[in-house]
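> This is work.txt (compact mmCIF, C-alpha atoms).
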```txt
# COMPACT_ATOMS: atom_id res chain seq x y z
CA MET A 1 -17.87 13.12 -6.16
CA HIS A 2 -19.79 16.34 -5.43
CA SER A 3 -21.42 17.80 -8.55
CA LYS A 4 -19.68 21.18 -8.12
CA LYS A 5 -16.24 19.62 -8.11
CA SER A 6 -14.28 19.47 -11.36
CA THR A 7 -13.16 15.99 -12.43
CA PHE A 8 -10.23 17.56 -14.25
CA ASN A 9 -9.11 19.48 -11.15
CA HIS A 10 -9.40 16.32 -9.06
CA ASP A 11 -7.35 14.24 -11.51
CA LEU A 12 -4.79 17.02 -11.94
CA CYS A 13 -4.34 17.32 -8.16
CA GLU A 14 -4.04 13.56 -7.82
CA THR A 15 -1.47 13.35 -10.58
CA LEU A 16 0.69 16.20 -9.29
CA LEU A 17 0.77 14.77 -5.78
CA SER A 18 1.43 11.24 -7.02
CA ALA A 19 4.40 12.45 -9.07
CA ASN A 20 5.70 14.62 -6.18
CA ILE A 21 5.31 17.78 -8.27
CA PRO A 22 4.62 20.73 -5.92
CA LEU A 23 1.24 22.34 -6.52
CA ASN A 24 2.89 25.76 -6.70
CA LYS A 25 4.32 24.72 -10.10
CA LEU A 26 0.89 25.70 -11.43
CA SER A 27 2.00 29.31 -10.93
CA ASN A 28 4.64 28.85 -13.64
CA CYS A 29 3.36 30.54 -16.81
CA SER A 30 4.97 28.04 -19.21
CA PHE A 31 3.56 25.12 -17.28
CA ARG A 32 0.07 26.62 -17.19
CA ASN A 33 0.20 27.39 -20.92
CA PHE A 34 1.31 23.82 -21.64
CA LEU A 35 -1.59 22.38 -19.65
CA THR A 36 -4.11 24.71 -21.24
CA LYS A 37 -2.86 24.03 -24.77
CA TYR A 38 -2.91 20.23 -24.58
CA THR A 39 -5.96 19.71 -22.38
CA GLY A 40 -8.23 22.53 -23.49
CA LYS A 41 -9.20 22.99 -19.85
CA GLU A 42 -9.06 25.97 -17.54
CA VAL A 43 -6.11 25.30 -15.26
CA PRO A 44 -6.88 25.96 -11.57
CA HIS A 45 -4.68 27.93 -9.23
CA GLU A 46 -2.63 26.20 -6.55
CA SER A 47 -4.90 27.42 -3.74
CA THR A 48 -7.93 25.94 -5.47
CA LEU A 49 -6.39 22.47 -5.48
CA ARG A 50 -4.91 22.77 -2.00
CA LYS A 51 -8.13 23.91 -0.35
CA GLY A 52 -10.67 22.01 -2.40
CA TYR A 53 -9.10 18.78 -3.64
CA VAL A 54 -6.10 17.54 -1.61
CA ASP A 55 -8.23 16.31 1.27
CA GLU A 56 -10.66 14.65 -1.14
CA VAL A 57 -7.86 12.86 -3.02
CA TYR A 58 -6.40 11.68 0.29
CA LYS A 59 -9.75 10.29 1.46
CA ASN A 60 -10.25 8.54 -1.88
CA THR A 61 -6.80 6.96 -1.54
CA ILE A 62 -7.59 5.66 1.95
CA ASN A 63 -10.92 4.30 0.67
CA LYS A 64 -9.14 2.46 -2.15
CA ILE A 65 -6.85 0.83 0.43
CA ARG A 66 -9.85 -0.14 2.56
CA ASN A 67 -11.69 -1.61 -0.41
CA TYR A 68 -8.71 -3.69 -1.49
CA VAL A 69 -7.93 -4.95 2.00
CA ASP A 70 -11.58 -5.72 2.80
CA GLY A 71 -12.01 -9.40 3.65
CA LYS A 72 -8.28 -10.18 3.42
CA LYS A 73 -5.71 -11.19 5.99
CA ILE A 74 -2.97 -8.60 6.45
CA TRP A 75 0.52 -7.92 7.76
CA VAL A 76 1.62 -4.64 9.34
CA SER A 77 5.06 -3.04 9.44
CA ILE A 78 6.07 0.01 11.51
CA ASP A 79 9.34 1.88 11.70
CA GLU A 80 10.39 5.36 12.77
CA THR A 81 13.08 7.78 11.69
CA THR A 82 14.34 11.22 12.64
CA ASP A 83 13.87 13.70 9.81
CA VAL A 84 15.98 16.75 8.96
CA THR A 85 13.98 18.91 11.39
CA GLY A 86 14.71 16.54 14.28
CA SER A 87 11.16 15.20 14.51
CA TYR A 88 10.34 11.54 15.15
CA VAL A 89 8.33 10.30 12.18
CA ALA A 90 6.73 6.85 12.07
CA ASN A 91 5.30 5.17 8.98
CA VAL A 92 2.78 2.34 8.98
CA ILE A 93 2.70 -0.09 6.05
CA VAL A 94 -0.03 -2.68 5.60
CA GLY A 95 0.06 -5.53 3.12
CA THR A 96 -2.29 -8.33 2.18
CA LEU A 97 -1.53 -11.99 2.81
CA GLU A 98 -2.92 -13.97 -0.11
CA GLU A 99 -3.07 -17.69 -0.80
CA ASN A 100 -1.55 -17.96 -4.27
CA ASN A 101 0.61 -14.87 -4.76
CA TYR A 102 2.48 -12.08 -3.05
CA GLY A 103 -0.06 -9.47 -1.92
CA LYS A 104 -0.02 -5.70 -2.31
CA GLN A 105 1.29 -3.26 0.27
CA PHE A 106 0.19 0.29 1.08
CA LEU A 107 1.38 3.20 3.17
CA LEU A 108 -1.60 3.57 5.50
CA HIS A 109 -0.54 6.19 8.00
CA VAL A 110 2.25 8.64 8.84
CA GLU A 111 2.55 10.20 12.27
CA GLU A 112 4.85 12.57 14.12
CA LEU A 113 5.68 11.13 17.54
CA GLU A 114 6.61 13.06 20.67
CA LYS A 115 9.03 10.25 21.51
CA ALA A 116 9.79 6.78 20.19
CA ASN A 117 8.96 4.12 22.77
CA HIS A 118 6.81 1.00 23.10
CA THR A 119 3.77 3.00 24.26
CA THR A 120 3.70 5.37 21.29
CA ILE A 121 4.28 2.51 18.84
CA PHE A 122 1.46 0.47 20.40
CA LYS A 123 -0.93 3.44 20.20
CA LEU A 124 0.14 4.10 16.60
CA PHE A 125 -0.51 0.48 15.64
CA ASP A 126 -4.02 0.51 17.12
CA LYS A 127 -4.81 3.92 15.65
CA SER A 128 -3.76 2.71 12.20
CA MET A 129 -6.00 -0.33 12.44
CA ASN A 130 -8.91 1.98 13.30
CA ILE A 131 -8.11 4.03 10.20
CA LEU A 132 -8.18 0.86 8.11
CA TRP A 133 -11.41 -0.46 9.69
CA PRO A 134 -13.33 2.60 10.97
CA GLU A 135 -16.47 0.56 11.55
CA GLY A 136 -14.70 -1.91 13.82
CA VAL A 137 -11.18 -3.36 13.90
CA ARG A 138 -10.93 -6.91 12.60
CA HIS A 139 -8.41 -8.19 15.10
CA ASP A 140 -8.38 -11.74 13.73
CA ASP A 141 -7.40 -10.55 10.24
CA VAL A 142 -4.03 -9.20 11.43
CA LEU A 143 -1.60 -12.13 11.33
CA LEU A 144 1.89 -10.65 11.09
CA PHE A 145 3.76 -7.64 12.52
CA LEU A 146 7.17 -6.66 11.11
CA SER A 147 9.61 -4.23 12.72
CA ASP A 148 13.28 -3.77 13.50
CA ALA A 149 14.81 -5.36 16.60
CA ALA A 150 14.97 -2.23 18.76
CA PRO A 151 14.02 -3.11 22.38
CA TYR A 152 11.02 -0.77 22.39
CA MET A 153 9.74 -2.39 19.17
CA VAL A 154 10.04 -5.85 20.73
CA LYS A 155 8.19 -4.62 23.82
CA SER A 156 5.47 -3.02 21.70
CA GLY A 157 5.09 -6.30 19.82
CA ASP A 158 4.37 -8.07 23.10
CA ALA A 159 1.72 -5.47 23.96
CA ILE A 160 0.11 -5.72 20.52
CA LYS A 161 -0.31 -9.49 20.96
CA ASN A 162 -2.64 -8.82 23.89
CA LEU A 163 -5.19 -7.23 21.54
CA TYR A 164 -4.36 -9.11 18.34
CA SER A 165 -4.15 -12.69 19.58
CA LYS A 166 -3.27 -14.29 16.22
CA ILE A 167 -0.38 -11.98 15.43
CA ILE A 168 3.22 -13.14 15.00
CA HIS A 169 5.90 -10.50 15.56
CA VAL A 170 8.99 -10.89 13.36
CA THR A 171 11.99 -8.59 13.51
CA CYS A 172 13.48 -7.76 10.10
CA LEU A 173 15.83 -10.45 8.76
CA ALA A 174 17.60 -8.13 6.32
CA HIS A 175 18.41 -5.89 9.27
CA ALA A 176 19.67 -8.95 11.15
CA PHE A 177 22.37 -9.55 8.52
CA HIS A 178 23.19 -5.86 8.52
CA ARG A 179 23.91 -6.23 12.24
CA VAL A 180 26.27 -9.09 11.39
CA ALA A 181 27.98 -6.84 8.84
CA GLU A 182 28.30 -4.17 11.53
CA THR A 183 30.01 -6.73 13.77
CA VAL A 184 32.50 -7.42 10.97
CA ARG A 185 33.14 -3.66 10.73
CA ILE A 186 33.67 -3.32 14.48
CA ASN A 187 36.05 -6.30 14.47
CA ASN A 188 38.18 -4.64 11.77
CA PRO A 189 38.76 -1.03 12.92
CA LYS A 190 41.83 -0.50 10.73
CA ILE A 191 39.89 -1.37 7.57
CA ASP A 192 37.13 0.96 8.75
CA LYS A 193 39.70 3.76 9.17
CA ILE A 194 40.91 3.26 5.59
CA ILE A 195 37.41 3.28 4.11
CA ALA A 196 36.31 6.34 6.10
CA ASN A 197 39.41 8.41 5.35
CA VAL A 198 39.83 7.51 1.68
CA LYS A 199 36.25 8.66 1.26
CA LYS A 200 37.31 12.05 2.68
CA VAL A 201 40.45 12.21 0.52
CA PHE A 202 38.44 12.49 -2.70
CA ARG A 203 35.42 14.39 -1.39
CA LYS A 204 35.29 17.89 -2.93
CA ALA A 205 38.85 17.47 -4.20
CA PRO A 206 38.79 17.74 -8.03
CA SER A 207 42.58 17.77 -8.36
CA ARG A 208 42.89 14.45 -6.49
CA ILE A 209 40.03 12.99 -8.44
CA GLN A 210 41.82 13.90 -11.66
CA ILE A 211 45.01 12.22 -10.43
CA PHE A 212 42.95 9.13 -9.60
CA LYS A 213 41.44 9.07 -13.10
CA ASN A 214 44.85 9.49 -14.71
CA MET A 215 46.36 6.61 -12.73
CA ALA A 216 43.27 4.36 -12.90
CA PRO A 217 41.22 5.40 -15.96
CA THR A 218 39.01 2.29 -15.94
CA LEU A 219 38.37 2.20 -12.19
CA THR A 220 35.51 3.93 -10.40
CA LEU A 221 36.25 6.18 -7.46
CA PRO A 222 36.41 4.47 -4.04
CA PRO A 223 32.88 3.79 -2.75
CA GLU A 224 31.35 5.90 -0.02
CA PRO A 225 29.46 3.41 2.16
CA ILE A 226 26.58 4.73 4.23
CA LEU A 227 26.09 2.77 7.43
CA THR A 228 22.30 2.98 7.18
CA ARG A 229 22.41 1.37 3.71
CA TRP A 230 22.72 -2.28 4.53
CA GLY A 231 25.74 -4.14 3.21
CA THR A 232 27.55 -1.18 1.63
CA TRP A 233 30.51 -1.39 4.04
CA ILE A 234 31.17 -5.00 3.03
CA GLU A 235 30.95 -3.97 -0.65
CA ALA A 236 33.57 -1.30 0.02
CA CYS A 237 35.87 -3.94 1.52
CA LEU A 238 35.49 -6.04 -1.63
CA TYR A 239 36.49 -3.01 -3.73
CA TYR A 240 39.68 -2.43 -1.70
CA CYS A 241 40.59 -6.11 -1.75
CA GLU A 242 40.29 -6.32 -5.55
CA HIS A 243 42.21 -3.07 -6.24
CA PHE A 244 44.46 -2.85 -3.20
CA GLU A 245 47.85 -2.20 -4.86
CA LEU A 246 46.43 0.41 -7.24
CA ILE A 247 44.59 2.31 -4.50
CA GLN A 248 47.68 2.19 -2.30
CA SER A 249 49.90 3.61 -5.03
CA ILE A 250 47.42 6.43 -5.73
CA LEU A 251 47.24 7.35 -2.03
CA ASN A 252 51.02 7.27 -1.68
CA SER A 253 51.32 9.74 -4.58
CA PHE A 254 49.63 12.41 -2.44
CA ASP A 255 51.48 14.67 0.02
CA GLU A 256 50.41 13.67 3.53
CA ASN A 257 50.63 17.32 4.65
CA TYR A 258 47.77 18.36 2.36
CA ALA A 259 45.06 16.75 4.52
CA VAL A 260 44.69 14.77 7.72
CA SER A 261 42.61 12.17 5.84
CA ILE A 262 45.54 11.48 3.48
CA LYS A 263 47.92 10.99 6.39
CA ILE A 264 45.60 8.58 8.19
CA ALA A 265 44.76 6.63 5.03
CA GLN A 266 48.45 6.23 4.15
CA LYS A 267 49.23 5.15 7.71
CA TYR A 268 46.70 2.32 7.81
CA ILE A 269 46.87 1.10 4.22
CA GLY A 270 50.61 0.61 4.61
CA GLN A 271 50.34 -1.72 7.60
CA ILE A 272 51.47 -5.26 6.97
CA ASN A 273 48.31 -7.13 8.04
CA ILE A 274 45.79 -5.02 6.13
CA LYS A 275 45.85 -7.28 3.07
CA ASN A 276 45.15 -10.30 5.25
CA GLN A 277 42.17 -8.61 6.89
CA LEU A 278 40.69 -7.62 3.53
CA LEU A 279 41.19 -11.14 2.21
CA PHE A 280 39.50 -12.60 5.30
CA ILE A 281 36.47 -10.34 4.81
CA LYS A 282 36.17 -11.12 1.11
CA SER A 283 36.54 -14.88 1.54
CA ASN A 284 33.98 -15.13 4.35
CA PHE A 285 31.46 -12.30 3.89
CA ALA A 286 31.36 -11.42 0.18
CA TYR A 287 27.89 -12.97 -0.15
CA LEU A 288 26.29 -10.88 2.63
CA PRO A 289 25.31 -7.87 0.46
CA ASN A 290 23.68 -10.24 -2.06
CA THR A 291 21.83 -12.02 0.75
CA ILE A 292 20.47 -8.71 2.02
CA THR A 293 19.50 -7.63 -1.51
CA SER A 294 17.75 -10.96 -2.11
CA LEU A 295 15.75 -10.61 1.10
CA GLU A 296 14.73 -7.07 0.13
CA LYS A 297 13.05 -8.22 -3.07
CA GLN A 298 9.27 -8.24 -3.18
CA GLY A 299 7.33 -11.27 -4.35
CA LEU A 300 9.38 -13.97 -2.59
CA SER A 301 7.64 -16.96 -1.11
CA LEU A 302 8.18 -17.59 2.59
CA ALA A 303 10.12 -20.77 1.80
CA SER A 304 12.49 -18.88 -0.55
CA SER A 305 13.12 -16.11 1.99
CA ILE A 306 13.86 -18.64 4.74
CA SER A 307 16.25 -20.53 2.46
CA PHE A 308 18.31 -17.33 1.94
CA VAL A 309 18.46 -16.83 5.70
CA GLU A 310 19.40 -20.40 6.55
CA ASP A 311 22.03 -20.66 3.78
CA ALA A 312 23.74 -17.51 5.05
CA ARG A 313 23.40 -18.68 8.64
CA LEU A 314 25.14 -21.95 7.83
CA ARG A 315 28.02 -20.20 6.07
CA LEU A 316 28.48 -17.73 8.93
CA THR A 317 28.63 -20.47 11.56
CA GLN A 318 31.35 -22.32 9.64
CA ILE A 319 33.92 -19.50 9.84
CA HIS A 320 36.96 -20.45 11.92
CA GLY A 321 39.15 -18.38 14.20
CA GLU A 322 38.50 -15.72 16.80
CA GLN A 323 36.48 -13.51 14.44
CA GLY A 324 34.56 -16.53 13.24
CA MET A 325 33.47 -17.30 16.79
CA SER A 326 32.37 -13.68 17.29
CA ILE A 327 30.29 -13.76 14.10
CA LYS A 328 28.79 -17.17 14.94
CA THR A 329 27.74 -15.89 18.37
CA LYS A 330 26.21 -12.77 16.78
CA ILE A 331 24.10 -14.52 14.15
CA GLU A 332 22.91 -17.19 16.57
CA ASN A 333 21.90 -14.57 19.15
CA VAL A 334 20.11 -12.46 16.55
CA LEU A 335 18.11 -15.37 15.09
CA ASN A 336 17.43 -17.16 18.38
CA LYS A 337 15.98 -13.99 19.91
CA ASN A 338 13.69 -13.61 16.89
CA LYS A 339 10.92 -15.89 18.16
CA GLY A 340 8.58 -14.80 15.37
CA TYR A 341 11.07 -15.96 12.73
CA GLN A 342 11.25 -19.37 14.38
CA LEU A 343 7.45 -19.62 14.18
CA LEU A 344 7.56 -18.72 10.47
CA VAL A 345 10.13 -21.47 9.92
CA LYS A 346 7.71 -23.90 11.58
CA ILE A 347 4.79 -22.63 9.46
CA SER A 348 6.87 -22.95 6.28
CA LYS A 349 7.69 -26.56 7.16
CA ILE A 350 4.01 -27.28 7.83
CA LEU A 351 3.06 -25.81 4.44
CA SER A 352 5.71 -27.94 2.73
CA GLY A 353 4.62 -31.10 4.56
CA ASP A 354 7.83 -31.44 6.56
CA GLU A 355 6.30 -30.60 9.95
CA GLU A 356 3.21 -31.93 11.70
CA ASN A 357 3.68 -30.33 15.12
CA PHE A 358 1.66 -27.13 15.68
CA ASP A 359 3.12 -26.44 19.13
CA GLY A 360 4.18 -22.85 19.78
CA LEU A 361 1.84 -21.18 17.29
CA PRO A 362 -0.69 -18.63 18.65
CA GLU A 363 -3.53 -20.50 20.31
CA ASP A 364 -6.26 -18.65 18.37
CA MET A 365 -4.63 -19.29 14.99
CA THR A 366 -6.61 -21.78 12.89
CA ILE A 367 -5.34 -24.24 10.30
CA ASN A 368 -6.91 -22.10 7.59
CA ASP A 369 -4.90 -19.05 8.75
CA LEU A 370 -1.61 -20.80 7.96
CA ILE A 371 -2.24 -20.86 4.20
CA TYR A 372 -1.96 -17.07 4.14
CA PHE A 373 1.69 -17.24 5.21
CA LYS A 374 2.84 -18.84 1.96
CA TYR A 375 4.06 -15.46 0.65
CA ALA A 376 4.56 -13.72 3.99
CA PRO A 377 7.41 -11.14 4.05
CA ILE A 378 10.18 -11.36 6.64
CA THR A 379 11.70 -7.88 6.25
CA SER A 380 10.56 -4.32 6.96
CA VAL A 381 12.20 -2.79 3.89
CA ASP A 382 8.90 -1.44 2.54
CA VAL A 383 8.88 1.06 5.41
CA GLU A 384 12.45 2.08 4.55
CA ARG A 385 11.33 2.77 0.96
CA SER A 386 8.55 5.03 2.21
CA PHE A 387 11.09 6.98 4.29
CA SER A 388 13.13 7.58 1.14
CA MET A 389 10.07 9.11 -0.52
CA TYR A 390 9.42 11.19 2.60
CA LYS A 391 12.96 12.62 2.51
CA ASN A 392 12.60 13.41 -1.20
CA MET A 393 9.42 15.31 -0.42
CA LEU A 394 10.81 17.30 2.52
CA THR A 395 13.43 19.23 0.55
CA ASP A 396 15.17 22.42 1.75
CA ASN A 397 12.61 24.68 0.08
CA ARG A 398 9.58 22.81 1.45
CA ARG A 399 10.24 23.02 5.20
CA ALA A 400 7.13 25.17 5.74
CA PHE A 401 5.02 22.14 4.84
CA LYS A 402 2.55 21.42 7.66
CA PHE A 403 2.87 17.85 8.84
CA GLU A 404 -0.80 17.15 8.16
CA ASN A 405 -0.23 18.09 4.51
CA ILE A 406 2.97 16.02 4.37
CA ARG A 407 1.01 12.99 5.60
CA LYS A 408 -1.68 13.36 2.95
CA CYS A 409 0.74 14.03 0.10
CA LEU A 410 3.04 11.15 1.04
CA ILE A 411 0.18 8.66 1.32
CA ILE A 412 -1.15 9.76 -2.06
CA GLN A 413 2.31 9.52 -3.62
CA CYS A 414 3.14 6.09 -2.18
CA ASN A 415 -0.25 4.64 -3.12
CA ASN A 416 -0.50 5.74 -6.73
CA PHE A 417 -1.94 2.34 -7.73
CA ASN A 418 0.58 1.52 -10.46
CA GLY A 419 0.20 4.66 -12.52
CA LYS A 420 -3.55 4.38 -13.13
CA ILE A 421 -4.01 7.92 -11.86
CA THR A 422 -2.19 9.67 -14.69
CA LYS A 423 -3.99 7.63 -17.35
CA LYS A 424 -7.24 9.37 -16.46
CA LEU A 425 -5.89 12.57 -17.97
CA ILE A 426 -5.84 11.00 -21.42
CA LYS A 427 -9.61 11.42 -21.42
CA HIS A 428 -9.20 15.16 -21.20
CA ASN A 429 -8.13 15.64 -24.79
CA ASN A 430 -4.57 14.69 -25.67
CA THR A 431 -1.99 12.05 -24.85
CA PHE A 432 0.78 14.65 -24.63
CA ILE A 433 -0.25 15.51 -21.09
CA TYR A 434 0.09 11.88 -20.05
CA VAL A 435 3.56 11.62 -21.57
CA PHE A 436 4.57 14.81 -19.78
CA PHE A 437 3.57 13.53 -16.36
CA LEU A 438 4.99 10.08 -17.03
CA CYS A 439 8.40 11.71 -17.50
CA TYR A 440 8.22 13.14 -13.99
CA ARG A 441 7.43 9.80 -12.31
```
In C-alpha cells, write the structure found in this file.

Amino acid sequence: MHSKKSTFNHDLCETLLSANIPLNKLSNCSFRNFLTKYTGKEVPHESTLRKGYVDEVYKNTINKIRNYVDGKKIWVSIDETTDVTGSYVANVIVGTLEENNYGKQFLLHVEELEKANHTTIFKLFDKSMNILWPEGVRHDDVLLFLSDAAPYMVKSGDAIKNLYSKIIHVTCLAHAFHRVAETVRINNPKIDKIIANVKKVFRKAPSRIQIFKNMAPTLTLPPEPILTRWGTWIEACLYYCEHFELIQSILNSFDENYAVSIKIAQKYIGQINIKNQLLFIKSNFAYLPNTITSLEKQGLSLASSISFVEDARLRLTQIHGEQGMSIKTKIENVLNKNKGYQLLVKISKILSGDEENFDGLPEDMTINDLIYFKYAPITSVDVERSFSMYKNMLTDNRRAFKFENIRKCLIIQCNNFNGKITKKLIKHNNTFIYVFFLCYR
C-alpha cells in the first residue's frame, strides 16, 4: 500500500462496503462521533474514501481472488437479470474445483449488457477470464460452465467450447425441477387462480387479516408464492391441501362484492374437483421443493447431487394418468437435452468405480482432470444469490449510483472473505467498533 494512504481509512472503506453501509453514513454526526470515540482515529469524509480508497479496495479484492485461484481448476457460472431500471445485468461467478473438498466461489465480474444473447455472453465469459488471468488465460484450467437453459445460454456454451476445449456445459438442475413445477402449475389453472386471488384478498386488507386471525388463530396467512423463487408454488398447494376446509370457510365469510379477488377465489375454491387436484399435487409433488432446496446447498459432492436428481426423476416418471405423462415427458426432455449433466453422471460413475468407458468426454480432458469433479456443483444458484445482494444495494435512494461504482461495491461485498475484513479494525483500539459492524452484517 502507498505510504501516504491511511491503513485505517482503507480498512474502514473495506468494512463499510463489505457490510453494504453507504459511505455517506460518515456524514452522520452520531456515527462519526462513535467512530472517533472508540477508535481514537480521525474519521475521513465520504469523498475521501470514495476518491482515494474504493478503487484500491476493489483491486485488492480482485487480487485476493487471483491469488486463491492461482494453480487451481475452476468452474464458471453466468446469469443475467433485468434490474429495476430496466438494464440487463450479468454476473460472473467463479469457483475452484478441489480434490478433497468443496471449493470456494467468488463474484468475479458484473457487467451491464446492451442485450442478452449468445454473443454478449460469450464475450463476457472471455472478458472475465482475462480479468482473472491478466497475464494470459489458462484455458485448460476451466473445466465446467454452469448456466440456465435459455437457448442463448446453450448457444453461448457451444461457442465457449471452441476456445476452452476441456469445458463441460451444464444447465442448472435446480432450475430444471422448477420447470417441472411450472408444468404442474400450468396443468392446474384452477388451483393457480385460487392461489393468485387469495393472495390478493389479504394484501393490504387489515380487516380481512383480522378476521382470518380470529377464525384461525394458530394458522399463518396464506403464502404468497413468487414464481421466480423455485418451488414456492408447490409449497402453496401443500398449504391449501392441509387447511382446505378452514380456508374455504374464511373466504366464504367475506362479501364477494367487496373485491373481485374475493369473488374469483370463492368461485374456484367451491368447485367440486378442487380437492382432488390439490390431493394429486400433494401426493405426487410434495418432495419437489425439498429436492430443489437440497440441490441449492453448497458443499455437496457430485455423487450426492446426482442422487437427488435421479431419485426425483424416478418418482416423477412413475406418476400415472394424463398429467403424469405430461410431467414424465417434461422431466425426460429437460434432462436428456442437458448433455453436460449426462457427462457429469458418467464422470461420477468413473470416480466411484462403476464406469470404465470414457467415451463422450472432451477429447483434451485428461484422467487427472476428472478428480477435480468430485465436488463439482450442478446448479447456478450462487449467481442468483449475488443478484439478491445487487437488488439490496440498488435501493430507491441509491439510483444515482454509477454502474462502475455498483460493480466495485458489489464485488467487494460478495467477496468479504468470511468476515476477516472487519477483524482488522480491532487493531485500531477497541473491540466495540468490531461489534458495531458485525451487527450490520
> May I have the residues within 9 Å of Leu351 of chain A as a ChimeraX atom specification, using only C-alpha atoms and disregarding those fewer than 4 positions away in the same chain?
/A:346-347,355,370-371,373-374
> With distances taken over only C-alpha atoms, which residue among A:Pro377, A:Gly324, A:Pro44, A:Gly103 lies nearest Leu302 of chain A?
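That would be A:Pro377, the residue with the smallest distance to Leu302 of chain A.
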> Nearest to Glu14 of chain A among A:Glu80, A:Asp369, A:Asp140, A:Asp55, with distances taken over only C-alpha atoms: which residue is it?
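Answer, going by the shortest atom-to-atom distance: A:Asp55.
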> Neighbouring residues of Asn338 of chain A were defined as those with any atom within 8 Å, considering all atoms listed in the file; residues of the same chain fewer than 3 positions away were excluded. Please report them as a ChimeraX atom specification.
/A:170-171,334-335,341-342
> Do you have the atom CA of Ile74 of chain A-atom CA of Asn20 of chain A distance handy?
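Answer for the atom CA of Ile74 of chain A to atom CA of Asn20 of chain A separation: 27.8 Å.
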> Might you pull out every residue within 9 Å of Thr61 of chain A, with all atoms listed in the file counted and same-chain residues fewer than 6 positions away left off, and present them as number ranges by chain?
A: 411-412, 415-416
> Could you name the residues that touch Asn290 of chain A at 12 Å or less, counting all atoms listed in the file, but leaving out those on the same chain fewer than 5 positions away, as a PyMOL selection string?
chain A and resi 174+177-178+230-232+234-235+285+295-297+308-309+312
> At a cut-off of 6 Å, using only C-alpha atoms, what residues contact segment 258-265 of chain A? Leave out same-chain residues fewer than 4 positions from it and give the result as a PDB file with C-alpha atoms, in the coordinates of the input.

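Contents of result08.pdb, freshly written:
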```pdb
ATOM      1  CA  ILE A 194      40.910   3.260   5.590  1.00  0.00           C
ATOM      2  CA  ASN A 197      39.410   8.410   5.350  1.00  0.00           C
ATOM      3  CA  VAL A 201      40.450  12.210   0.520  1.00  0.00           C
ATOM      4  CA  ILE A 269      46.870   1.100   4.220  1.00  0.00           C
TER       5      ILE A 269
END
```
> When you draw a straight line from atom CA of Thr379 of chain A to atom CA of Gln105 of chain A, how long is it in Å?
12.9 Å
> Which one of A:Phe8, A:Gly71, A:Leu278, A:Leu23 sits closest to Gly40 of chain A if you count all atoms listed in the file?
A:Phe8
